[in-house]
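Inspection log for the structure reproduced underneath, given as structure tokens.
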Amino acid sequence: MSAPSTRNQGISFESMIVKPPAHPTYDLKGVIKLALAEDAGDRGDVTCMATIPVDMEVEAYFLAKEDGVVAGIALAEMVFNEVDPSLKVEWSKRDGDDIRKGLQFGKVHGKRSLRASRASSHASLATALGFVVLWFKISQLCRLSGWSLQRSLLVRKKFQIIFALAQSQRVWMVVSERIYTCHKWPLIIFHVALRLFDTRRAHSIVVAERIVLNFMQRMSGIATLTKAMADAAHPAYILETRKTAPGLRLVDKWAVLIGGGQNHRMGLFDMVMIKDNHISIAGGVINALKTVDVYLEENALQMGVEIETRTLDEVNDVLHYASQMKTSLTRIMLDNMVVPQANGDVDVSMLQEAVELINGKFETEASGNVTLETVHKIGQTGVTYISSGALTHSVKALDISLKIDTELALKVGRRTNRA
């Protein structure tokens, strides 16, 4: 279940195969910016600045190093766009598709927009014109301010140095408040010139690489396990839980959707879920349900309500209450009713009995001792949903790389049995 709105303004979801779940406060673009800022620190990529020429353009290729379900393609495009909107990403696979070890399934490279093409063809003229305009306006400003010609020359020199620095390190100019407030348009020309001549595409690809792969590898790992469990659980539906990486709740749950699972509640706000601690404090399942029904009615709230049961007695108590009272209850969780056996198998007889007691009156959810090996047997009991925290809290990242020299990468990968 998910919230009715989202806060991901400025992000287009139209072209996505699987859209991210909705959340009223989650800022996906903010998460991307935070990840990039965490990596860049206060200096940026010093290795790139030291080793990669500023005008170099390259192509880099996504390479699968193991079999799985790819996820995070749409998010990868968001990251590349945040780092450098001039980058173009092309894919032979989509979110949710199978990929095989050794497969090259995507490419990122610089794209020549009309703006960039014009800039390239008229570079000399534009540069000369820009400096002439800047020189004229700065000199005029200096004269109006009563500055000496010598000081004017110093100012011009500073602007040239800053311009060169900005071309090599993409540093945005900060000028004195006096110049900025008196004459804004030279500064605007300066910024436009930087945008026109910024061809740091090799830099941009390498800067974005690790953040893109961190997201894609984690999401693909989640999607791969989800797909396997969802297939095995049929006809039951597989759900994740709130056991997600802090700050990555929406990203993790998005990966579950891509893998063919369904989302459980997004957070504490979009569903009432009465768990063991709530029940203990309330004094039993009946008291807990009563207080929830009163609260929802008093606050005119309509949302799903689930209660956890741990014994068949608790299941019967819930059913008895629901038969006597008007209730908002929609789902009953059957927790730890899958019993592990010494031989590695599981006993689902208790779960089966609980499902038969409920007899379709409410949705049912099995929880506890859910693994890839046990989920098929659990799914055959007639339970509606099966929830597994392992989908997100114990995820194994899928091995994916982004390589410029793919021939060498494949050679090394074959040597280490990873391609």
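Numbering starts fresh at 1 for the residues of each chain in the structure tokens, the chains themselves are lettered A, B, ... in the order given, and ligands are numbered from 1 as they appear.
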Leu75 of chain A surroundings by only C-alpha atoms, 10 Å radius, close-in-sequence under 6 positions cut, as a list in words:
Met16, Pro20, Leu28, Lys29, Ile32, Asn81, Asp95, Val212, Phe215, Met216, Met219 and Val251 of chain A
Please compute the atom CA of His23 of chain A-atom CA of Gly221 of chain A distance, one decimal, in Å.
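If I compute the distance from atom CA of His23 of chain A to atom CA of Gly221 of chain A, I get 22.7 Å.
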Please tabulate, as JSON lines, the residues of segment 296-408 of chain A that come within 9 Å of segment 41-61 of chain A, each with its closest pair of atoms and the distance in Å to one decimal, counting only C-alpha atoms and ordering rows by chain, then residue number upward.
{"residue": "A:Ser401", "atom": "CA", "partner": "A:Tyr61", "partner_atom": "CA", "distance": 8.1}
{"residue": "A:Leu402", "atom": "CA", "partner": "A:Tyr61", "partner_atom": "CA", "distance": 5.3}
{"residue": "A:Lys403", "atom": "CA", "partner": "A:Ala60", "partner_atom": "CA", "distance": 5.2}
{"residue": "A:Ile404", "atom": "CA", "partner": "A:Ala60", "partner_atom": "CA", "distance": 4.3}
{"residue": "A:Asp405", "atom": "CA", "partner": "A:Ala60", "partner_atom": "CA", "distance": 7.7}
{"residue": "A:Thr406", "atom": "CA", "partner": "A:Tyr61", "partner_atom": "CA", "distance": 7.0}
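For the residues A:Asp345, A:Glu240, A:Glu297, A:Glu365, ranking by smallest atom-to-atom distance to Leu391 of chain A using only C-alpha atoms places A:Glu240 first.
Among A:Val207, A:Asn214, A:Asp270, A:Arg201, the residue with the shortest atom-to-atom distance to Ala76 of chain A, counting only C-alpha atoms, is A:Asn214.
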What gap, in Å, lies between atom CA of Ser92 of chain A and atom CA of Phe105 of chain A?
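Going from atom CA of Ser92 of chain A over to atom CA of Phe105 of chain A, I get 5.1 Å.
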Just the residues within 7 Å of segment 83-91 of chain A, please, counting only C-alpha atoms, with nothing from its chain fewer than 2 positions along; format it as a short mmCIF file (atom, residue, chain, number, x, y, z; two decimals) with all heavy atoms, in the first residue's frame.
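Ended up saving to result_23.cif:
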data_model
loop_
_atom_site.label_atom_id
_atom_site.label_comp_id
_atom_site.auth_asym_id
_atom_site.auth_seq_id
_atom_site.Cartn_x
_atom_site.Cartn_y
_atom_site.Cartn_z
N GLU A 77 19.39 7.06 -15.06
CA GLU A 77 19.22 8.20 -15.97
C GLU A 77 19.05 9.50 -15.18
O GLU A 77 19.54 10.55 -15.59
CB GLU A 77 18.01 7.96 -16.87
CG GLU A 77 18.24 6.86 -17.89
CD GLU A 77 17.11 6.74 -18.89
OE1 GLU A 77 16.18 7.59 -18.85
OE2 GLU A 77 17.15 5.81 -19.72
N VAL A 79 20.40 10.14 -12.27
CA VAL A 79 21.71 10.50 -11.73
C VAL A 79 22.56 11.15 -12.81
O VAL A 79 23.17 12.20 -12.59
CB VAL A 79 22.43 9.26 -11.15
CG1 VAL A 79 23.83 9.63 -10.68
CG2 VAL A 79 21.64 8.66 -9.99
N PHE A 80 22.62 10.53 -13.99
CA PHE A 80 23.41 11.11 -15.08
C PHE A 80 22.90 12.51 -15.44
O PHE A 80 23.69 13.43 -15.68
CB PHE A 80 23.34 10.21 -16.32
CG PHE A 80 24.23 8.99 -16.25
CD1 PHE A 80 23.69 7.72 -16.40
CD2 PHE A 80 25.59 9.12 -16.02
CE1 PHE A 80 24.51 6.60 -16.34
CE2 PHE A 80 26.41 7.99 -15.96
CZ PHE A 80 25.87 6.74 -16.12
N ASN A 81 21.58 12.67 -15.45
CA ASN A 81 21.01 13.98 -15.77
C ASN A 81 21.36 15.02 -14.72
O ASN A 81 21.59 16.19 -15.03
CB ASN A 81 19.49 13.86 -15.91
CG ASN A 81 18.86 15.16 -16.36
OD1 ASN A 81 19.04 15.61 -17.48
ND2 ASN A 81 18.10 15.79 -15.47
N LYS A 93 18.13 -3.08 -22.63
CA LYS A 93 17.25 -3.73 -21.67
C LYS A 93 16.46 -2.67 -20.91
O LYS A 93 16.84 -1.50 -20.88
CB LYS A 93 18.05 -4.58 -20.68
CG LYS A 93 18.76 -5.78 -21.30
CD LYS A 93 17.76 -6.84 -21.75
CE LYS A 93 18.46 -8.08 -22.30
NZ LYS A 93 17.48 -9.12 -22.70
N PHE A 105 24.60 -4.15 -21.86
CA PHE A 105 23.17 -3.82 -21.99
C PHE A 105 22.87 -2.33 -21.96
O PHE A 105 21.70 -1.94 -21.97
CB PHE A 105 22.36 -4.54 -20.90
CG PHE A 105 22.70 -4.13 -19.49
CD1 PHE A 105 21.99 -3.11 -18.86
CD2 PHE A 105 23.71 -4.76 -18.79
CE1 PHE A 105 22.28 -2.74 -17.56
CE2 PHE A 105 24.01 -4.40 -17.49
CZ PHE A 105 23.30 -3.37 -16.87
N GLY A 106 23.88 -1.48 -21.94
CA GLY A 106 23.63 -0.05 -21.94
C GLY A 106 24.87 0.74 -22.27
O GLY A 106 26.00 0.23 -22.15
N LYS A 107 24.68 1.97 -22.71
CA LYS A 107 25.80 2.84 -23.07
C LYS A 107 25.50 4.27 -22.64
O LYS A 107 24.37 4.74 -22.77
CB LYS A 107 26.03 2.79 -24.58
CG LYS A 107 27.12 3.71 -25.09
CD LYS A 107 27.35 3.54 -26.59
CE LYS A 107 26.28 4.21 -27.42
NZ LYS A 107 26.60 4.21 -28.87
N VAL A 108 26.51 4.97 -22.14
CA VAL A 108 26.37 6.39 -21.81
C VAL A 108 27.46 7.16 -22.53
O VAL A 108 28.62 6.74 -22.59
CB VAL A 108 26.44 6.63 -20.28
CG1 VAL A 108 27.73 6.09 -19.68
CG2 VAL A 108 26.27 8.10 -19.95
N HIS A 109 27.06 8.29 -23.10
CA HIS A 109 28.03 9.11 -23.85
C HIS A 109 27.48 10.53 -23.94
O HIS A 109 26.33 10.80 -23.59
CB HIS A 109 28.26 8.53 -25.25
CG HIS A 109 27.01 8.39 -26.07
ND1 HIS A 109 26.59 9.34 -26.96
CD2 HIS A 109 26.08 7.40 -26.10
CE1 HIS A 109 25.46 8.94 -27.53
NE2 HIS A 109 25.13 7.76 -27.02
N GLY A 110 28.31 11.44 -24.42
CA GLY A 110 27.87 12.82 -24.59
C GLY A 110 27.01 12.95 -25.83
O GLY A 110 27.20 12.25 -26.81
N LYS A 111 26.06 13.85 -25.77
CA LYS A 111 25.23 14.08 -26.95
C LYS A 111 25.37 15.53 -27.38
O LYS A 111 25.45 16.44 -26.55
CB LYS A 111 23.76 13.75 -26.67
CG LYS A 111 23.11 14.59 -25.59
CD LYS A 111 21.67 14.19 -25.41
CE LYS A 111 21.00 15.01 -24.31
NZ LYS A 111 19.60 14.67 -24.12
N ARG A 201 32.45 15.72 -20.60
CA ARG A 201 31.60 14.53 -20.57
C ARG A 201 32.32 13.33 -20.00
O ARG A 201 31.71 12.52 -19.33
CB ARG A 201 31.06 14.27 -21.98
CG ARG A 201 30.14 15.41 -22.43
CD ARG A 201 29.50 15.13 -23.78
NE ARG A 201 28.71 16.29 -24.14
CZ ARG A 201 29.09 17.20 -25.05
NH1 ARG A 201 30.24 17.06 -25.67
NH2 ARG A 201 28.33 18.23 -25.33
N SER A 204 32.16 13.77 -16.38
CA SER A 204 30.80 13.57 -15.86
C SER A 204 30.46 12.09 -15.73
O SER A 204 29.84 11.67 -14.75
CB SER A 204 29.78 14.27 -16.77
OG SER A 204 30.03 15.65 -16.83
N ALA A 208 29.72 10.23 -12.11
CA ALA A 208 28.41 9.61 -11.85
C ALA A 208 28.51 8.10 -11.67
O ALA A 208 27.61 7.49 -11.08
CB ALA A 208 27.45 9.92 -12.99
#
Can you list every residue in segment 282-357 of chain A that DSSP puts in strand (DSSP E or B), as an NGL selection string?
:A and (305-309 or 331-335 or 339-340 or 346-347)
From a DSSP pass on the backbone, collect the residues of segment 239-300 of chain A flagged as alpha helix (DSSP H) and hand them back as a PyMOL selection string.
chain A and resi 249-258+276-282+285-298
Please save C-alpha atoms of the selected residues as a PDB file, in the first residue's frame.
ATOM      1  CA  ARG A 249      12.909   3.310   1.588  1.00  0.00           C
ATOM      2  CA  LEU A 250      11.368   4.361  -1.706  1.00  0.00           C
ATOM      3  CA  VAL A 251      14.324   3.082  -3.768  1.00  0.00           C
ATOM      4  CA  ASP A 252      14.202  -0.361  -2.114  1.00  0.00           C
ATOM      5  CA  LYS A 253      10.440  -0.647  -2.490  1.00  0.00           C
ATOM      6  CA  TRP A 254      10.680   0.504  -6.112  1.00  0.00           C
ATOM      7  CA  ALA A 255      13.079  -2.385  -6.772  1.00  0.00           C
ATOM      8  CA  VAL A 256      10.531  -4.820  -5.292  1.00  0.00           C
ATOM      9  CA  LEU A 257       7.906  -3.569  -7.757  1.00  0.00           C
ATOM     10  CA  ILE A 258      10.367  -3.943 -10.636  1.00  0.00           C
ATOM     11  CA  ASP A 276       2.870  -7.540  19.011  1.00  0.00           C
ATOM     12  CA  ASN A 277       4.068  -4.569  21.081  1.00  0.00           C
ATOM     13  CA  HIS A 278       0.874  -2.617  20.401  1.00  0.00           C
ATOM     14  CA  ILE A 279      -1.148  -5.674  21.420  1.00  0.00           C
ATOM     15  CA  SER A 280       0.857  -6.177  24.619  1.00  0.00           C
ATOM     16  CA  ILE A 281       0.414  -2.545  25.639  1.00  0.00           C
ATOM     17  CA  ALA A 282      -3.303  -2.502  24.733  1.00  0.00           C
ATOM     18  CA  VAL A 285      -5.929  -8.253  20.272  1.00  0.00           C
ATOM     19  CA  ILE A 286      -9.557  -7.315  21.037  1.00  0.00           C
ATOM     20  CA  ASN A 287      -8.655  -4.199  23.026  1.00  0.00           C
ATOM     21  CA  ALA A 288      -6.136  -3.160  20.361  1.00  0.00           C
ATOM     22  CA  LEU A 289      -8.732  -3.484  17.591  1.00  0.00           C
ATOM     23  CA  LYS A 290     -11.332  -1.581  19.604  1.00  0.00           C
ATOM     24  CA  THR A 291      -9.025   1.394  20.169  1.00  0.00           C
ATOM     25  CA  VAL A 292      -8.074   1.500  16.490  1.00  0.00           C
ATOM     26  CA  ASP A 293     -11.704   1.443  15.359  1.00  0.00           C
ATOM     27  CA  VAL A 294     -12.548   4.285  17.766  1.00  0.00           C
ATOM     28  CA  TYR A 295      -9.533   6.323  16.671  1.00  0.00           C
ATOM     29  CA  LEU A 296     -10.293   6.005  12.964  1.00  0.00           C
ATOM     30  CA  GLU A 297     -13.958   6.896  13.467  1.00  0.00           C
ATOM     31  CA  GLU A 298     -13.185   9.913  15.660  1.00  0.00           C
TER      32      GLU A 298
END
Skipping near chain neighbours, those fewer than 2 positions away, what residues fall within 7 Å of Met273 of chain A using only C-alpha atoms, listed as a tab-separated table (two decimals) with N, CA, C and O atoms, in the first residue's frame?
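Here's the written file around-v4.tsv:
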chain	number	residue	atom	x	y	z
A	271	MET	N	-1.04	3.09	6.76
A	271	MET	CA	-1.79	1.90	7.12
A	271	MET	C	-1.67	1.69	8.63
A	271	MET	O	-0.60	1.94	9.21
A	275	LYS	N	0.90	-4.47	15.75
A	275	LYS	CA	1.88	-5.54	15.94
A	275	LYS	C	1.93	-5.97	17.40
A	275	LYS	O	1.20	-5.45	18.25
A	305	VAL	N	-6.31	-1.70	7.73
A	305	VAL	CA	-5.96	-2.06	9.11
A	305	VAL	C	-5.56	-3.53	9.12
A	305	VAL	O	-6.30	-4.39	8.64
A	306	GLU	N	-4.38	-3.80	9.67
A	306	GLU	CA	-3.90	-5.17	9.79
A	306	GLU	C	-3.54	-5.44	11.24
A	306	GLU	O	-3.01	-4.56	11.93
A	307	ILE	N	-3.84	-6.63	11.69
A	307	ILE	CA	-3.46	-7.02	13.05
A	307	ILE	C	-2.64	-8.31	13.00
A	307	ILE	O	-2.92	-9.22	12.21
Atom CA of Ile332 of chain A to atom CA of His234 of chain A: how many Å, to one decimal?
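For atom CA of Ile332 of chain A relative to atom CA of His234 of chain A, the distance reads 19.2 Å.
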Skip Asn316 of chain A itself and residues of its chain fewer than 2 positions away, then list as number ranges by chain all residues within 12 Å of it, counting only C-alpha atoms.
A: 285-286, 309-314, 318-323, 332, 334, 353-359
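Using only C-alpha atoms, the shortest contact distance between Arg218 of chain A and any of A:Ala35, A:Arg265, A:Leu248, A:Asn417 is found at A:Leu248.
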